[in-house]
$ cat run-v1.txt   # compact mmCIF, C-alpha atoms
# COMPACT_ATOMS: atom_id res chain seq x y z
CA MET W 1 69.32 51.24 88.00
CA GLU W 2 66.46 50.55 85.59
CA PRO W 3 63.31 49.73 87.61
CA SER W 4 61.12 46.71 86.87
CA ILE W 5 57.60 45.82 87.98
CA PRO W 6 56.95 42.64 90.02
CA GLU W 7 54.48 41.25 87.48
CA SER W 8 57.17 41.11 84.79
CA ILE W 9 59.66 39.08 86.83
CA GLU W 10 60.07 35.37 86.12
CA ALA W 11 62.15 32.65 87.75
CA PRO W 12 65.00 32.48 88.27
CA SER W 13 65.49 36.08 89.36
CA ASN W 14 67.24 37.91 92.16
CA VAL W 15 65.56 41.23 92.87
CA LEU W 16 66.67 44.29 94.80
CA LEU W 17 63.57 45.84 96.37
CA VAL W 18 64.33 49.44 97.30
CA HIS W 19 62.00 51.33 99.59
CA GLU W 20 61.93 53.49 102.67
CA THR W 21 62.31 51.56 105.91
CA ASN W 22 59.12 50.72 107.84
CA GLN W 23 56.86 51.62 104.92
CA PRO W 24 54.27 49.06 103.71
CA VAL W 25 55.54 47.52 100.47
CA ASP W 26 53.01 45.76 98.25
CA ALA W 27 55.81 44.57 95.97
CA CYS W 28 57.10 42.25 98.71
CA HIS W 29 53.83 40.31 98.67
CA ASP W 30 53.66 40.37 94.87
CA LEU W 31 57.18 38.97 94.49
CA CYS W 32 56.45 36.07 96.85
CA GLN W 33 53.59 34.99 94.54
CA SER W 34 52.02 32.91 97.30
CA CYS W 35 49.97 29.94 96.13
CA SER W 36 49.68 26.21 96.78
CA GLU W 37 52.70 25.48 94.55
CA VAL W 38 55.05 27.89 96.35
CA ALA W 39 57.44 27.35 99.24
CA GLU W 40 58.21 30.74 100.78
CA LEU W 41 61.24 31.47 102.94
CA ARG W 42 61.47 34.65 104.98
CA VAL W 43 64.81 35.76 106.40
CA SER W 44 64.59 38.47 109.05
CA PHE W 45 66.67 39.84 111.90
CA ALA W 46 65.61 39.55 115.53
CA GLY W 47 64.20 42.80 116.87
CA ALA W 48 63.75 44.38 113.44
CA GLN W 49 60.35 45.57 112.27
CA THR W 50 59.43 44.11 108.91
CA ASP W 51 57.12 45.83 106.47
CA CYS W 52 55.85 42.79 104.54
CA ARG W 53 52.15 42.03 104.40
CA PRO W 54 50.87 38.71 105.78
CA THR W 55 50.96 35.69 103.51
CA ALA W 56 47.88 35.17 101.35
CA SER W 57 45.21 32.82 102.69
CA ASP W 58 45.54 30.50 99.68
CA GLY W 59 49.24 29.83 100.14
CA PRO W 60 52.07 29.12 100.29
CA ALA W 61 52.31 25.34 100.64
CA LYS W 62 55.40 25.78 102.83
CA LEU W 63 56.43 28.78 104.92
CA GLY W 64 59.91 28.94 106.39
CA ILE W 65 61.30 31.51 108.81
CA ILE W 66 64.99 32.10 109.50
CA SER W 67 65.47 34.42 112.46
CA VAL W 68 68.96 35.94 112.45
CA GLY W 69 70.46 37.02 115.76
CA ASP W 70 67.79 35.16 117.71
CA VAL W 71 69.97 33.80 120.51
CA LEU W 72 67.13 32.36 122.61
CA ARG W 73 65.47 30.48 119.76
CA ALA W 74 68.81 29.13 118.55
CA ALA W 75 69.66 27.94 122.07
CA GLU W 76 66.30 26.19 122.44
CA ALA W 77 66.66 24.24 119.20
CA THR W 78 67.56 20.64 120.02
CA THR W 79 67.08 19.19 116.54
CA GLY W 80 67.29 20.46 112.98
CA PRO W 81 64.27 21.88 111.13
CA ASP W 82 61.52 19.53 109.97
CA TYR W 83 61.35 20.53 106.32
CA SER W 84 58.35 18.28 105.73
CA ALA W 85 56.17 20.45 108.00
CA PRO W 86 54.04 23.25 106.50
CA PHE W 87 55.64 25.80 108.85
CA VAL W 88 59.39 25.60 109.50
CA VAL W 89 61.48 27.80 111.79
CA ASP W 90 65.25 28.00 112.16
CA ALA W 91 67.53 30.49 113.89
CA ILE W 92 71.06 31.83 113.55
CA ASP W 93 72.36 33.11 116.87
CA ASP W 94 75.30 35.12 115.48
CA PRO W 95 74.27 37.74 112.86
CA THR W 96 77.91 38.16 111.83
CA ASP W 97 78.20 34.48 110.82
CA LEU W 98 77.44 34.89 107.12
CA SER W 99 78.63 31.38 106.34
CA ALA W 100 76.03 29.84 108.66
CA LEU W 101 73.33 32.09 107.24
CA GLY W 102 74.19 31.20 103.65
CA VAL W 103 74.23 27.47 104.35
CA THR W 104 70.91 27.62 106.25
CA ILE W 105 69.18 29.41 103.36
CA SER W 106 70.71 26.93 100.93
CA GLU W 107 69.44 23.96 102.94
CA PHE W 108 65.86 25.24 102.83
CA CYS W 109 66.13 25.66 99.06
CA GLU W 110 67.62 22.21 98.56
CA GLN W 111 64.81 20.58 100.53
CA TRP W 112 62.04 22.41 98.67
CA CYS W 113 63.19 23.10 95.13
CA GLU W 114 62.30 19.70 93.64
CA GLN W 115 58.63 19.93 94.61
CA TYR W 116 57.83 23.64 94.91
CA HIS W 117 58.52 27.02 93.36
CA VAL W 118 60.88 28.68 95.84
CA ARG W 119 60.31 32.31 96.81
CA ILE W 120 62.58 34.13 99.25
CA CYS W 121 62.20 37.41 101.13
CA PHE W 122 65.43 38.70 102.71
CA HIS W 123 64.70 41.49 105.18
CA SER W 124 67.01 43.23 104.99
CA LEU W 125 70.39 44.20 103.56
CA ASP W 126 70.22 47.27 105.80
CA MET W 127 70.26 45.04 108.88
CA LEU W 128 73.02 42.86 107.46
CA LEU W 129 75.15 45.95 106.84
CA ARG W 130 74.92 46.75 110.55
CA TYR W 131 76.83 43.58 111.33
CA ALA W 132 79.34 43.33 108.49
CA PRO W 133 81.25 45.78 106.27
CA PRO W 134 79.87 46.48 102.76
CA LYS W 135 82.59 44.50 101.00
CA GLN W 136 81.88 41.37 103.01
CA VAL W 137 78.12 41.73 102.53
CA PHE W 138 78.59 42.27 98.79
CA HIS W 139 80.57 39.04 98.55
CA PHE W 140 77.97 37.15 100.58
CA VAL W 141 75.08 38.38 98.44
CA TYR W 142 76.98 37.67 95.23
CA VAL W 143 77.58 34.05 96.19
CA LEU W 144 74.09 33.58 97.62
CA THR W 145 72.28 34.92 94.55
CA GLU W 146 74.20 32.54 92.31
CA ARG W 147 73.09 29.67 94.55
CA LEU W 148 69.46 30.83 94.49
CA SER W 149 69.47 31.06 90.70
CA SER W 150 70.65 27.45 90.53
CA VAL W 151 67.42 26.31 92.27
CA ASP W 152 65.22 28.46 90.00
CA ALA W 153 64.12 30.73 92.86
CA ILE W 154 62.71 34.23 92.84
CA ALA W 155 64.41 36.02 95.73
CA HIS W 156 64.07 39.64 96.74
CA PHE W 157 66.29 41.60 99.10
CA HIS W 158 65.05 44.73 100.88
CA LEU W 159 67.23 47.86 100.92
CA ASP W 160 66.58 51.45 101.98
CA PRO W 161 68.59 53.64 99.55
CA THR W 162 68.25 56.69 101.80
CA ALA W 163 70.39 55.00 104.47
CA HIS W 164 73.51 54.48 102.34
CA GLU W 165 75.87 56.27 99.97
CA ASP W 166 74.75 56.32 96.33
CA ARG W 167 77.74 54.30 95.21
CA ILE W 168 77.03 51.59 97.82
CA VAL W 169 73.42 51.24 96.63
CA ALA W 170 74.46 51.25 92.97
CA THR W 171 77.16 48.65 93.61
CA PHE W 172 74.71 46.29 95.29
CA GLY W 173 72.24 46.93 92.49
CA SER W 174 74.79 45.61 90.01
CA ILE W 175 74.48 42.11 91.52
CA PHE W 176 70.77 41.73 90.90
CA ASP W 177 68.81 40.67 87.83
CA GLU W 178 66.04 43.17 88.52
CA VAL W 179 65.42 46.25 90.67
CA VAL W 180 61.93 47.10 91.95
CA VAL W 181 61.48 50.64 93.24
CA ASP W 182 58.76 51.63 95.68
CA GLU W 183 57.16 55.04 95.19
CA SER W 184 58.44 56.08 98.63
CA VAL W 185 61.97 56.41 97.20
CA GLN W 186 61.35 57.33 93.57
CA ASP W 187 63.27 60.57 94.09
CA ASP W 188 66.09 58.95 96.07
CA LEU W 189 67.55 56.51 93.55
CA PRO W 190 71.36 56.57 93.48
CA GLU W 191 73.05 58.78 90.95
CA ALA W 192 76.37 56.95 91.06
CA THR W 193 77.91 56.23 87.67
CA ASP W 194 79.38 52.97 86.38
CA GLU W 195 82.78 54.53 87.00
CA ASP W 196 81.86 55.16 90.64
CA VAL W 197 80.85 51.52 91.07
CA ALA W 198 84.02 50.27 89.36
CA ALA W 199 86.15 52.51 91.56
CA LEU W 200 84.50 51.21 94.74
CA LEU W 201 84.97 47.58 93.72
CA SER W 202 88.59 48.31 92.86
CA ASN W 203 89.11 49.92 96.27
CA TRP W 204 87.66 46.85 97.96
CA ASP W 205 90.03 44.61 96.02
CA ASN W 206 92.97 46.81 96.98
CA ASP W 207 91.98 46.58 100.64
CA ASP W 208 93.13 42.96 100.62
CA ALA W 209 96.70 44.13 100.05
CA ASP W 210 96.51 46.88 102.67
CA GLU W 211 97.95 45.72 105.98
CA GLU W 212 96.02 48.39 107.87
CA ASP W 213 92.75 46.72 106.85
CA ASP W 214 93.74 43.15 107.68
CA ASP W 215 91.77 43.15 110.92
CA GLU W 216 88.68 44.76 109.42
CA TYR W 217 88.14 42.70 106.28
CA GLU W 218 88.53 39.06 105.39
CA THR W 219 90.37 38.12 102.21
CA TRP W 220 87.98 38.22 99.28
CA PRO W 221 88.71 35.24 97.00
CA THR W 222 88.09 35.33 93.27
CA VAL W 223 84.54 34.15 92.53
CA ASN W 224 83.57 32.57 89.22
CA PRO W 225 79.76 32.51 88.74
CA ALA W 226 80.02 29.25 86.79
CA ASP W 227 81.31 27.55 89.92
CA PHE W 228 77.91 27.96 91.56
CA ASP W 229 75.63 26.59 88.86
CA GLU W 230 75.59 23.26 90.69
CA ALA W 231 76.94 24.44 94.04
CA THR W 232 76.32 22.33 97.11
CA ASP W 233 75.85 23.52 100.68
CA ASP W 234 79.48 22.57 101.38
CA ASP W 235 80.61 24.68 98.41
CA VAL W 236 78.73 27.70 99.73
CA ALA W 237 80.20 27.29 103.21
CA ARG W 238 83.73 26.84 101.85
CA VAL W 239 83.67 29.99 99.73
CA LEU W 240 82.06 32.17 102.38
CA GLU W 241 84.58 31.05 104.99
CA ASN W 242 87.59 31.85 102.76

$ encode --input "run-v1.txt" --output "C-alpha cells"
Amino acid sequence: MEPSIPESIEAPSNVLLVHETNQPVDACHDLCQSCSEVAELRVSFAGAQTDCRPTASDGPAKLGIISVGDVLRAAEATTGPDYSAPFVVDAIDDPTDLSALGVTISEFCEQWCEQYHVRICFHSLDMLLRYAPPKQVFHFVYVLTERLSSVDAIAHFHLDPTAHEDRIVATFGSIFDEVVVDESVQDDLPEATDEDVAALLSNWDNDDADEEDDDEYETWPTVNPADFDEATDDDVARVLEN
C-alpha cells in the first residue's frame, strides 16, 4: 500500500483513508474539497461516532446525508429526497441491505453529477463489516467504486487497519486508486503480500462451491469493470442482488 497525499488526488478517484477510529482526520475534510462547485455526500451509520470535521463555511453547494440503519428516520420518510434542496437527507433502515445502499448512493450521484463536482465520504468500512462478511463487502465496494468513477467523483472510504487482519486490509486496499494514511496508523500498515491477497480472493471464490458456506455467503458473480462505465441504478441493483 503506497500512501498518497490528499492534495495530489484528482477526479475520478476512489480513496481508502486509513486511520485509527475516533481520531480527528484532517484528510477527510481535504478530500471533500468543499466549495461552491461541490456536492458532498456523507454516508454514515446510525449510532456511530464520526471523526470528520464540519463542512467549510464556503461550501459545498449541496450536502447530502445517508443514514444507514436509521430505522426511525426511514419510517418517517413519506416521500423521496428533494435533490434540488441544498441539504438532503435519506435513510436506509436495514444496514445489511447493500443493494439498497448502493442504489441510494448512485441516485444522489446521478442527480448531482451534471452540475457539480461530486465528493463522497463513506464512514465507514469498519461499520459495514459489522453487518456483512468481508467477501460480500468487498464485492459491494468493488461495484460501487466503479459506479462512482463513472460520474467523475472523488470518494473516500474510512477504515481502521488496527481492527482487521493485515490480509483483509491489503485486499480492500487493492480496490482503490489511492490510499491516504493518517499518522495515527503509520506503524500499523498491513504487511500482507500480493500472494496473501491472491490467496484470500481465491478462498472467497472457492467458498461459492462449498456447501457448508451456502447459508453464510451469497453467490459472487463475475464482475467486469467495463460493464459499469455507463452503469445505471438498475444495473447496480441487479448485480448487488445476484

$ closest_residue --input "run-v1.txt" --among "W:Asp177, W:Asn203, W:Leu72, W:Glu107" --to "Pro134 of chain W" --atoms "all atoms listed in the file"
W:Asn203

$ residues_around --input "run-v1.txt" --residues "Val118 of chain W" --least-positions-apart "6" --cutoff "12 Å" --atoms "all atoms listed in the file" --output "VMD selection string"
chain W and resid 10 to 14 31 to 42 60 to 64 105 to 106 108 to 112 148 to 156

$ write_last_selection --input "run-v1.txt" --atoms "C-alpha atoms" --output "short mmCIF file (atom, residue, chain, number, x, y, z; two decimals), in the frame of the given file"
data_model
loop_
_atom_site.label_atom_id
_atom_site.label_comp_id
_atom_site.auth_asym_id
_atom_site.auth_seq_id
_atom_site.Cartn_x
_atom_site.Cartn_y
_atom_site.Cartn_z
CA GLU W 10 60.07 35.37 86.12
CA ALA W 11 62.15 32.65 87.75
CA PRO W 12 65.00 32.48 88.27
CA SER W 13 65.49 36.08 89.36
CA ASN W 14 67.24 37.91 92.16
CA LEU W 31 57.18 38.97 94.49
CA CYS W 32 56.45 36.07 96.85
CA GLN W 33 53.59 34.99 94.54
CA SER W 34 52.02 32.91 97.30
CA CYS W 35 49.97 29.94 96.13
CA SER W 36 49.68 26.21 96.78
CA GLU W 37 52.70 25.48 94.55
CA VAL W 38 55.05 27.89 96.35
CA ALA W 39 57.44 27.35 99.24
CA GLU W 40 58.21 30.74 100.78
CA LEU W 41 61.24 31.47 102.94
CA ARG W 42 61.47 34.65 104.98
CA PRO W 60 52.07 29.12 100.29
CA ALA W 61 52.31 25.34 100.64
CA LYS W 62 55.40 25.78 102.83
CA LEU W 63 56.43 28.78 104.92
CA GLY W 64 59.91 28.94 106.39
CA ILE W 105 69.18 29.41 103.36
CA SER W 106 70.71 26.93 100.93
CA PHE W 108 65.86 25.24 102.83
CA CYS W 109 66.13 25.66 99.06
CA GLU W 110 67.62 22.21 98.56
CA GLN W 111 64.81 20.58 100.53
CA TRP W 112 62.04 22.41 98.67
CA LEU W 148 69.46 30.83 94.49
CA SER W 149 69.47 31.06 90.70
CA SER W 150 70.65 27.45 90.53
CA VAL W 151 67.42 26.31 92.27
CA ASP W 152 65.22 28.46 90.00
CA ALA W 153 64.12 30.73 92.86
CA ILE W 154 62.71 34.23 92.84
CA ALA W 155 64.41 36.02 95.73
CA HIS W 156 64.07 39.64 96.74
#

$ atom_distance --input "run-v1.txt" --atom1 "atom CA of Ala85 of chain W" --atom2 "atom CA of His117 of chain W"
16.2 Å

$ atom_distance --input "run-v1.txt" --atom1 "atom CA of Ala46 of chain W" --atom2 "atom CA of Ala75 of chain W"
13.9 Å

$ atom_distance --input "run-v1.txt" --atom1 "atom CA of His164 of chain W" --atom2 "atom CA of Glu2 of chain W"
18.6 Å

$ axis_aligned_box --input "run-v1.txt" --around "segment 170-184 of chain W" --padding-each-side "6 Å" --output "JSON"
{"center_x": 67.2, "center_y": 48.4, "center_z": 93.2, "size_x": 32.0, "size_y": 27.4, "size_z": 22.8}

$ residues_near_point --input "run-v1.txt" --point "(71.8, 31.9, 114.7)" --cutoff "8 Å" --atoms "only C-alpha atoms" --output "ChimeraX atom specification"
/W:67-71,74,91-95,97,100-101

$ closest_residue --input "run-v1.txt" --among "W:Val185, W:Val137, W:Cys113, W:Thr104" --to "Gly80 of chain W" --atoms "all atoms listed in the file"
W:Thr104

$ closest_residue --input "run-v1.txt" --among "W:His19, W:Asp205, W:Ile120, W:Thr96" --to "Ala132 of chain W" --atoms "only C-alpha atoms"
W:Thr96

$ residues_near_point --input "run-v1.txt" --point "(64.4, 46.3, 92.3)" --cutoff "6 Å" --atoms "only C-alpha atoms" --output "JSON, numbers by chain"
{"W": [3, 15, 16, 17, 18, 178, 179, 180, 181]}

$ residues_around --input "run-v1.txt" --residues "Glu20 of chain W" --least-positions-apart "3" --cutoff "10 Å" --atoms "all atoms listed in the file" --output "short mmCIF file (atom, residue, chain, number, x, y, z; two decimals) with C-alpha atoms, in the coordinates of the input"
data_model
loop_
_atom_site.label_atom_id
_atom_site.label_comp_id
_atom_site.auth_asym_id
_atom_site.auth_seq_id
_atom_site.Cartn_x
_atom_site.Cartn_y
_atom_site.Cartn_z
CA GLN W 23 56.86 51.62 104.92
CA PRO W 24 54.27 49.06 103.71
CA VAL W 25 55.54 47.52 100.47
CA ASP W 51 57.12 45.83 106.47
CA HIS W 158 65.05 44.73 100.88
CA LEU W 159 67.23 47.86 100.92
CA ASP W 160 66.58 51.45 101.98
CA PRO W 161 68.59 53.64 99.55
CA THR W 162 68.25 56.69 101.80
CA ALA W 163 70.39 55.00 104.47
CA VAL W 181 61.48 50.64 93.24
CA ASP W 182 58.76 51.63 95.68
CA GLU W 183 57.16 55.04 95.19
CA SER W 184 58.44 56.08 98.63
CA VAL W 185 61.97 56.41 97.20
CA GLN W 186 61.35 57.33 93.57
CA ASP W 188 66.09 58.95 96.07
#

$ closest_residue --input "run-v1.txt" --among "W:Ala48, W:Ala198, W:Val88, W:Val43" --to "Phe122 of chain W" --atoms "only C-alpha atoms"
W:Val43
